[in-house]
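Heads up: the structure comes next, in structure tokens.
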Amino acid sequence: MVDTQKIAAVLRRATESGDIPGVAATAANADGVIFEGGFGTRDLKTGAPMTADTVVWIASMTKAVTGACAMQLVEQGKLSLDGDIASVLPELGKVKVLQGFDAAGKPMLRAPKRAITLRHLLTHTSGFAYDMWNANIVRYMEATGTPGIISCKNAALGLPLVFDPGDKWEYGISIDWAGKAVEAVSGQTLDRYMQDNVLAPLGMTDTGFKIGDGQRQRLAKIHARGPEGLVSTDTEIPQSPEFHMGGGGLYSTVGDYLKFAQMILHGGAFNGVRVLRPDTVATMSRNGMGDLVCNPMKTAVPGATNDVDFVAGMKWGLSFLINPEPLPTGRSAGSLAWAGLANSYYWIDPVRKVAGVYATQVLPFYDAKAVETFAAFESAVYAAA
């Protein structure tokens, strides 16, 4: 019997102290779920409790699910990892590299030195960036009137590259484009493809781009941390989007997302359903970027994110962050992980066969209190597992 009292105590303490408004978290080992719980409130305005089945915006935790969809299509020969992606997305054959701005503030653009591939998109080595970590993209958007990605408008994808494909790593809108590639070769919208081929097979009934009536009853508000403390907001992803944001549009629960994590943990199959081949999961779980490493992410939009500094040498697989060395929490070298903008986090440890999912709903990203609580949760899970 796994003793989970210490795991619960860590999360309860963080909400009772006011460090975070509410948190839902769950974890599994090789045998199955070992912990699931919710603590604190999902809305500071109403005081509604956060429960294990509270619905949260998982933001960039969407990326791994979109990556899994793309890799299914690689298995089927409909997408190529290393071929020119312009063969399925012609608009990516016309993308230019931003070199800077002229004296009048007009963007200066040039043709890229090489073609973009699906591997570039899934590893964030394509040259695409996010405005919140790139001041030149902020400036470009202001100069051209390009909307932000969270608008879910097609025009938001019309950004230039900030370097040549394959030259370095920078976190950005790459996996939104991977979602467009899934649509192009499957003939389905991303939400429908994902539902039919990943979410429904895994029993992820609370996960989707659109918040259903039942989910809305359990939806957590996103809170903003400002000088006055935490404030409940009405921030929400557009519910009738022009495109489904494969890089960050999903709502889910920690329990639903754990099913996805367990599928990866078990080599592509879970609960008797195979979603990906074992060799595909092995490929996704390995360094996919060669000698490149993940660069620290310095904020250009402080209201959205804090600085994110990585442990040296971090790598990116085909839609996962990979730590090359063991972490103090107990996480093994070669584990997979990532996060969502409103401070949701997960990890998948293929060595110890442990996975965990943790979600609060706080902006800006990489909030010190939220991250500290996540690390304490992860350490407690390893101590119990």
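Labels for the structure tokens follow display order: chains A, B, ..., residues from 1 in each chain, ligands from 1.
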Next on the checklist: I'd like the neighbourhood of Ala59 of chain A as a ChimeraX atom specification, where a residue qualifies if any of its atoms comes within 10 Å (using only C-alpha atoms), though same-chain residues fewer than 3 positions away should be ignored.
Outcome noted: /A:56,62-63,150,237,245-252,339-344
Contacts of segment 180-294 of chain A with segment 15-23 of chain A up to 10 Å, shortest pair per row, only C-alpha atoms, as a Markdown table:
| residue | atom | partner | partner_atom | distance |
| --- | --- | --- | --- | --- |
| A:Ala220 | CA | A:Gly22 | CA | 8.7 |
| A:Lys221 | CA | A:Pro21 | CA | 9.8 |
| A:Ile222 | CA | A:Pro21 | CA | 9.7 |
| A:His223 | CA | A:Pro21 | CA | 7.9 |
| A:Arg225 | CA | A:Ile20 | CA | 9.4 |
| A:Gly229 | CA | A:Gly18 | CA | 9.4 |
| A:Leu230 | CA | A:Pro21 | CA | 7.6 |
| A:Val231 | CA | A:Pro21 | CA | 9.3 |
| A:Ser232 | CA | A:Pro21 | CA | 9.3 |
| A:Val254 | CA | A:Val23 | CA | 9.9 |
Checklist entry - Between atom CA of Lys369 of chain A and atom CA of Gln217 of chain A, what is the distance, to one decimal in Å? => result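 Atom CA of Gln217 of chain A lies 26.9 Å from atom CA of Lys369 of chain A.
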Item to check | DSSP-assigned strand (DSSP E or B) members of segment 3-229 of chain A, reported as number ranges by chain | outcome: A: 22-29, 32-43, 48-49, 55-57, 84, 97-101, 107-110, 117, 161, 208, 219, 223-226, 229
Checklist entry - How would you write, as a PyMOL selection string, the set of residues in segment 25-200 of chain A that DSSP gives as helix (DSSP H, G or I)? => result chain A and resi 59-75+85-87+90-93+118-123+131-133+135-144+149-151+154-157+174-186+190-200
Keeping C-alpha atoms, export the residues of the selection given above as a short mmCIF file (atom, residue, chain, number, x, y, z; two decimals), in the first residue's frame.
data_model
loop_
_atom_site.label_atom_id
_atom_site.label_comp_id
_atom_site.auth_asym_id
_atom_site.auth_seq_id
_atom_site.Cartn_x
_atom_site.Cartn_y
_atom_site.Cartn_z
CA ALA A 59 -2.12 25.20 -22.50
CA SER A 60 1.21 23.87 -23.80
CA MET A 61 0.62 20.41 -22.35
CA THR A 62 -1.48 20.21 -25.55
CA LYS A 63 1.79 20.01 -27.52
CA ALA A 64 2.56 16.39 -26.63
CA VAL A 65 -0.96 15.30 -27.65
CA THR A 66 -0.61 17.10 -31.00
CA GLY A 67 2.84 15.52 -31.35
CA ALA A 68 1.30 12.07 -30.81
CA CYS A 69 -1.27 12.79 -33.55
CA ALA A 70 1.50 13.82 -35.95
CA MET A 71 3.54 10.73 -35.13
CA GLN A 72 0.55 8.46 -35.83
CA LEU A 73 0.51 9.96 -39.32
CA VAL A 74 4.28 9.43 -39.63
CA GLU A 75 3.64 5.75 -38.80
CA ILE A 85 6.90 20.20 -44.73
CA ALA A 86 5.92 22.58 -47.56
CA SER A 87 4.84 19.47 -49.47
CA PRO A 90 2.71 25.09 -49.01
CA GLU A 91 2.55 28.31 -46.98
CA LEU A 92 5.60 27.14 -44.99
CA GLY A 93 7.57 27.16 -48.24
CA LEU A 118 8.20 18.14 -39.17
CA ARG A 119 11.19 17.29 -36.96
CA HIS A 120 12.02 21.01 -36.77
CA LEU A 121 8.43 21.75 -35.78
CA LEU A 122 8.22 19.04 -33.10
CA THR A 123 11.62 19.96 -31.59
CA ASP A 131 6.24 36.78 -28.75
CA MET A 132 6.29 36.34 -24.98
CA TRP A 133 9.94 35.20 -25.11
CA ALA A 135 11.15 40.97 -28.25
CA ASN A 136 11.69 41.04 -32.04
CA ILE A 137 8.48 39.06 -32.54
CA VAL A 138 6.66 41.48 -30.21
CA ARG A 139 7.95 44.32 -32.39
CA TYR A 140 7.04 42.49 -35.62
CA MET A 141 3.47 41.88 -34.38
CA GLU A 142 3.10 45.54 -33.43
CA ALA A 143 4.49 46.70 -36.81
CA THR A 144 2.24 44.39 -38.84
CA ILE A 149 -1.52 33.11 -30.94
CA ILE A 150 -4.13 32.82 -28.17
CA SER A 151 -6.59 34.63 -30.45
CA ASN A 154 -5.18 32.03 -38.69
CA ALA A 155 -3.42 35.38 -39.08
CA ALA A 156 -1.61 34.68 -35.79
CA LEU A 157 0.38 31.96 -37.55
CA SER A 174 5.96 25.33 -34.25
CA ILE A 175 3.50 22.77 -32.88
CA ASP A 176 0.54 24.89 -33.95
CA TRP A 177 1.91 24.33 -37.45
CA ALA A 178 2.31 20.62 -36.69
CA GLY A 179 -1.43 20.64 -35.90
CA LYS A 180 -2.06 22.21 -39.31
CA ALA A 181 -0.01 19.39 -40.89
CA VAL A 182 -2.20 16.81 -39.12
CA GLU A 183 -5.27 18.51 -40.62
CA ALA A 184 -3.73 18.73 -44.10
CA VAL A 185 -2.99 15.01 -44.44
CA SER A 186 -5.87 13.56 -42.40
CA LEU A 190 -7.45 18.83 -35.40
CA ASP A 191 -10.14 18.52 -32.72
CA ARG A 192 -11.91 15.75 -34.65
CA TYR A 193 -8.69 13.88 -35.50
CA MET A 194 -7.48 14.10 -31.90
CA GLN A 195 -10.83 12.99 -30.53
CA ASP A 196 -11.05 9.97 -32.84
CA ASN A 197 -7.45 8.80 -32.60
CA VAL A 198 -6.12 9.75 -29.15
CA LEU A 199 -8.68 11.15 -26.72
CA ALA A 200 -11.58 8.70 -27.20
#
Item to check | segment 158-167 of chain A environment, 6 Å, only C-alpha atoms, sequence neighbours closer than 3 positions dropped, as JSON, numbers by chain | outcome: {"A": [95, 96, 97, 98, 112, 116, 125, 126, 127, 128, 155]}
Next on the checklist: I'd like the contact shell of Ala8 of chain A - 12 Å cut-off, only C-alpha atoms, skipping same-chain residues fewer than 3 positions apart - returned as a PyMOL selection string.
Outcome noted: chain A and resi 3-5+11-15+23-27+34-40+52+373+376-378+380-381+384
Residue subset to file, keeping C-alpha atoms, as a compact mmCIF listing (two decimals), in the first residue's frame:
# COMPACT_ATOMS: atom_id res chain seq x y z
CA ASP A 3 1.32 6.01 1.72
CA THR A 4 0.07 9.20 0.05
CA GLN A 5 -0.53 11.34 3.15
CA LEU A 11 -0.55 20.33 -1.70
CA ARG A 12 -2.84 21.22 1.19
CA ARG A 13 -0.14 23.35 2.80
CA ALA A 14 0.43 25.34 -0.41
CA THR A 15 -3.26 26.23 -0.74
CA VAL A 23 -4.32 22.68 -7.16
CA ALA A 24 -5.29 19.33 -8.64
CA ALA A 25 -2.68 16.60 -8.96
CA THR A 26 -2.34 12.92 -9.71
CA ALA A 27 0.43 10.37 -10.10
CA ILE A 34 -1.24 5.97 -6.69
CA PHE A 35 -2.57 9.46 -5.90
CA GLU A 36 -5.29 11.83 -7.01
CA GLY A 37 -6.59 14.91 -5.21
CA GLY A 38 -7.72 18.51 -5.33
CA PHE A 39 -7.04 21.24 -2.73
CA GLY A 40 -7.91 24.89 -2.23
CA ALA A 52 -9.46 16.11 -8.58
CA THR A 373 4.91 23.34 -4.86
CA ALA A 376 7.63 19.32 -3.51
CA PHE A 377 4.75 17.27 -4.98
CA GLU A 378 7.12 15.42 -7.31
CA ALA A 380 6.69 13.36 -2.32
CA VAL A 381 5.49 11.13 -5.17
CA ALA A 384 5.83 7.20 -1.88
Checklist entry - Mind pulling up the distance from atom CA of Asp84 of chain A to atom CA of Gly290 of chain A? => result 18.4 Å
Between segment 244-346 of chain A and segment 353-359 of chain A, at 8 Å or less, what are the per-residue closest atom pairs and their distances in Å? Count only C-alpha atoms, order by chain and rising residue number, and return it as JSON lines.
{"residue": "A:Val254", "atom": "CA", "partner": "A:Val357", "partner_atom": "CA", "distance": 5.7}
{"residue": "A:Gly255", "atom": "CA", "partner": "A:Val357", "partner_atom": "CA", "distance": 7.9}
{"residue": "A:Tyr257", "atom": "CA", "partner": "A:Val357", "partner_atom": "CA", "distance": 7.1}
{"residue": "A:Leu258", "atom": "CA", "partner": "A:Val357", "partner_atom": "CA", "distance": 6.2}
{"residue": "A:Ala261", "atom": "CA", "partner": "A:Ala355", "partner_atom": "CA", "distance": 6.5}
{"residue": "A:Gln262", "atom": "CA", "partner": "A:Ala355", "partner_atom": "CA", "distance": 7.0}
{"residue": "A:Leu265", "atom": "CA", "partner": "A:Lys353", "partner_atom": "CA", "distance": 6.6}
{"residue": "A:Asn343", "atom": "CA", "partner": "A:Ala359", "partner_atom": "CA", "distance": 6.4}
{"residue": "A:Ser344", "atom": "CA", "partner": "A:Ala359", "partner_atom": "CA", "distance": 4.0}
{"residue": "A:Tyr345", "atom": "CA", "partner": "A:Tyr358", "partner_atom": "CA", "distance": 5.3}
{"residue": "A:Tyr346", "atom": "CA", "partner": "A:Val357", "partner_atom": "CA", "distance": 4.3}
Checklist entry - Looking at A:Ala103, A:Asn29, A:Pro147, A:Phe260, which one is nearest to Arg274 of chain A, with distances taken over only C-alpha atoms? => result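 For Arg274 of chain A, the nearest of the candidates is A:Phe260.
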8 Å contact set for Arg286 of chain A, only C-alpha atoms, chain neighbours under 4 positions out, as a compact mmCIF listing (two decimals) with C-alpha atoms, in the first residue's frame:
# COMPACT_ATOMS: atom_id res chain seq x y z
CA ALA A 282 11.06 5.40 -28.22
CA TRP A 316 13.95 18.26 -26.70
CA GLY A 317 12.48 15.05 -28.09
CA LEU A 318 9.54 14.92 -30.49
CA ILE A 322 14.22 15.69 -21.73
CA GLY A 334 15.99 10.71 -19.74
Checklist entry - Out of A:Gly47, A:Met204, A:Arg42, A:Ile58, which residue has the shortest atom-to-atom distance to Trp338 of chain A when counting only C-alpha atoms? => result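 Closest to Trp338 of chain A of all the choices is A:Ile58.
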Checklist entry - For Lys153 of chain A, which of A:Pro241, A:Gly303, A:Gly313, A:Pro278 is the closest residue, counting only C-alpha atoms? => result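 Closest candidate: A:Pro241.
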